[in-house]
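Asker: What follows is a single structure, and I will ask about it in a moment.
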Amino acid sequence: VQLQASGGGLVQAGDSLRLSCVVSGRTFRDFHMGWFRQAPGKEREFVAQIARGGGGAIYADSVKGRFTISRDNAKNTLYLQMNSLKPEDTAVYYCAAKTILSGVFQYWGQGTLVTVSS
């Protein structure tokens, strides 16, 4: 299974950005999907996740109301719409996948860097 994240970049505080993650090598619909991030000098943290069918979205408190996770199963693609970005959102963002029987995310993308300037 391969996960390819893209869409990161340098933006200003208050701007929006949309990340994408294309999954290949296995049926996308088999997986629950998630976004994580790792800021410089910090541990990786959970951002959001979404169930196989597109429902059941869960968000970290720090992004609730600003970020929206979604997926297009026909395009094998996961999205993260990020609005009202803050400097503290600066991090490498990773997409991840897990099967319905797994308690942990098993597959990870390479990450895409989001930098938010103040």
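Labels for the structure tokens follow display order: chains A, B, ..., residues from 1 in each chain, ligands from 1.
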I'd like to know which residues of chain A are helix (DSSP H, G or I) (by DSSP, run on the backbone); could you write them as a PyMOL selection string?

Answerer: chain A and resi 28-30+87-89

Asker: Now that the selection is made, can you save its residues with N, CA and C atoms as a PDB file, in the first residue's frame?

Answerer:
```pdb
ATOM      1  N   PHE A  28      -9.026   1.388  -1.714  1.00  0.00           N
ATOM      2  CA  PHE A  28      -9.074   2.506  -0.779  1.00  0.00           C
ATOM      3  C   PHE A  28     -10.190   2.340   0.244  1.00  0.00           C
ATOM      4  N   ARG A  29     -11.289   1.800  -0.210  1.00  0.00           N
ATOM      5  CA  ARG A  29     -12.453   1.670   0.652  1.00  0.00           C
ATOM      6  C   ARG A  29     -12.231   0.669   1.794  1.00  0.00           C
ATOM      7  N   ASP A  30     -11.154  -0.090   1.726  1.00  0.00           N
ATOM      8  CA  ASP A  30     -10.831  -1.040   2.796  1.00  0.00           C
ATOM      9  C   ASP A  30     -10.364  -0.347   4.064  1.00  0.00           C
ATOM     10  N   PRO A  87      -0.013  29.945  13.094  1.00  0.00           N
ATOM     11  CA  PRO A  87       1.404  29.542  13.105  1.00  0.00           C
ATOM     12  C   PRO A  87       1.635  28.211  13.823  1.00  0.00           C
ATOM     13  N   GLU A  88       0.834  27.921  14.823  1.00  0.00           N
ATOM     14  CA  GLU A  88       1.003  26.658  15.546  1.00  0.00           C
ATOM     15  C   GLU A  88       0.540  25.445  14.748  1.00  0.00           C
ATOM     16  N   ASP A  89      -0.040  25.659  13.593  1.00  0.00           N
ATOM     17  CA  ASP A  89      -0.365  24.552  12.695  1.00  0.00           C
ATOM     18  C   ASP A  89       0.831  24.135  11.843  1.00  0.00           C
TER      19      ASP A  89
END
```

Asker: Could you please write out, as a VMD selection string, every residue of chain A that DSSP assigns to strand (DSSP E)?

Answerer: chain A and resid 2 to 6 9 to 12 17 to 24 31 to 38 45 to 50 58 to 59 67 to 72 77 to 82 91 to 99 107 to 108 112 to 117

Asker: Leaving out Leu3 in chain A and any residue of its chain fewer than 6 positions from it, which residues lie within 10 Å of it when counting only C-alpha atoms, given as a list in words?

Answerer: Ser20, Cys21, Val22, Val23, Ser24, Gly25, Asn76, Thr77, Leu78, Tyr94, Cys95, Ala96, Ala97, Tyr107, Trp108, Gly109, Gln110 and Gly111 of chain A

Asker: Take the residues just selected and output them with C-alpha atoms as an mmCIF file, in the first residue's frame.

Answerer:
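This went into selection13.cif:
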```
data_model
loop_
_atom_site.group_PDB
_atom_site.id
_atom_site.type_symbol
_atom_site.label_atom_id
_atom_site.label_comp_id
_atom_site.auth_asym_id
_atom_site.auth_seq_id
_atom_site.Cartn_x
_atom_site.Cartn_y
_atom_site.Cartn_z
ATOM 1 C CA SER A 20 -4.517 15.493 -0.531
ATOM 2 C CA CYS A 21 -3.425 11.897 -0.080
ATOM 3 C CA VAL A 22 -3.691 9.383 -2.889
ATOM 4 C CA VAL A 23 -3.734 5.714 -1.918
ATOM 5 C CA SER A 24 -2.656 2.945 -4.255
ATOM 6 C CA GLY A 25 -1.888 -0.742 -4.084
ATOM 7 C CA ASN A 76 -8.792 6.867 -3.911
ATOM 8 C CA THR A 77 -8.079 10.202 -2.300
ATOM 9 C CA LEU A 78 -8.192 11.599 1.207
ATOM 10 C CA TYR A 94 1.105 12.724 7.304
ATOM 11 C CA CYS A 95 -1.774 10.687 5.991
ATOM 12 C CA ALA A 96 -2.269 7.202 7.370
ATOM 13 C CA ALA A 97 -4.453 4.182 6.783
ATOM 14 C CA TYR A 107 0.370 2.508 6.575
ATOM 15 C CA TRP A 108 1.866 5.979 6.340
ATOM 16 C CA GLY A 109 2.600 8.514 3.650
ATOM 17 C CA GLN A 110 5.825 10.464 3.371
ATOM 18 C CA GLY A 111 4.467 13.742 4.726
#
```

Asker: Choose the residue, out of A:Ile69, A:Leu10, A:Val63, A:Val1, that has the smallest atom-to-atom separation from Gly34 in chain A; count only C-alpha atoms.

Answerer: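 Smallest distance to Gly34 in chain A is found for A:Ile69.
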
Asker: Would you kindly return, as a ChimeraX atom specification, each protein, DNA or RNA residue with an atom no farther than 10 Å from any atom of Arg44 in chain A, considering only C-alpha atoms and excluding same-chain residues fewer than 4 positions away?

Answerer: /A:36-40,91-94

Asker: Could you tell me which of A:Val116, A:Met82, A:Ile100, A:Val11 comes closest to Gly65 in chain A if we count only C-alpha atoms?

Answerer: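 Once distances to Gly65 in chain A are computed over only C-alpha atoms, the minimum belongs to A:Met82.
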
Asker: Here is a test: counting only C-alpha atoms, which residue of A:Leu80, A:Val114, A:Met33, A:Ala74 is nearest to Gly55 in chain A?

Answerer: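 Using only C-alpha atoms, the shortest distance to Gly55 in chain A belongs to A:Met33.
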
Asker: Quick check, in Å to one decimal: how far apart do CA of Ile50 in chain A and CA of Gly7 in chain A lie?

Answerer: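 CA of Gly7 in chain A lies at a distance of 18.9 Å from CA of Ile50 in chain A.
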
Asker: Between CA of Thr90 in chain A and CA of Thr115 in chain A, measure the distance and give it in Å to one decimal.

Answerer: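 We find that CA of Thr90 in chain A and CA of Thr115 in chain A lie 4.6 Å from each other.
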
Asker: What does the structure give for the distance between CA of Asp15 in chain A and CA of Lys42 in chain A, in Å to one decimal?

Answerer: 23.4 Å

Asker: Kindly indicate which residue among A:Val104, A:Arg18, A:Arg52, A:Phe31 lies nearest to Phe67 in chain A, using only C-alpha atoms for the distances.

Answerer: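 Ranking A:Val104, A:Arg18, A:Arg52, A:Phe31 by distance to Phe67 in chain A, first place goes to A:Arg18.
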
Asker: Measuring atom to atom with only C-alpha atoms, identify which of A:Trp35, A:Gln81, A:Gly9, A:Thr99 is nearest to Ala60 in chain A.

Answerer: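 Closest to Ala60 in chain A of all the choices is A:Trp35.
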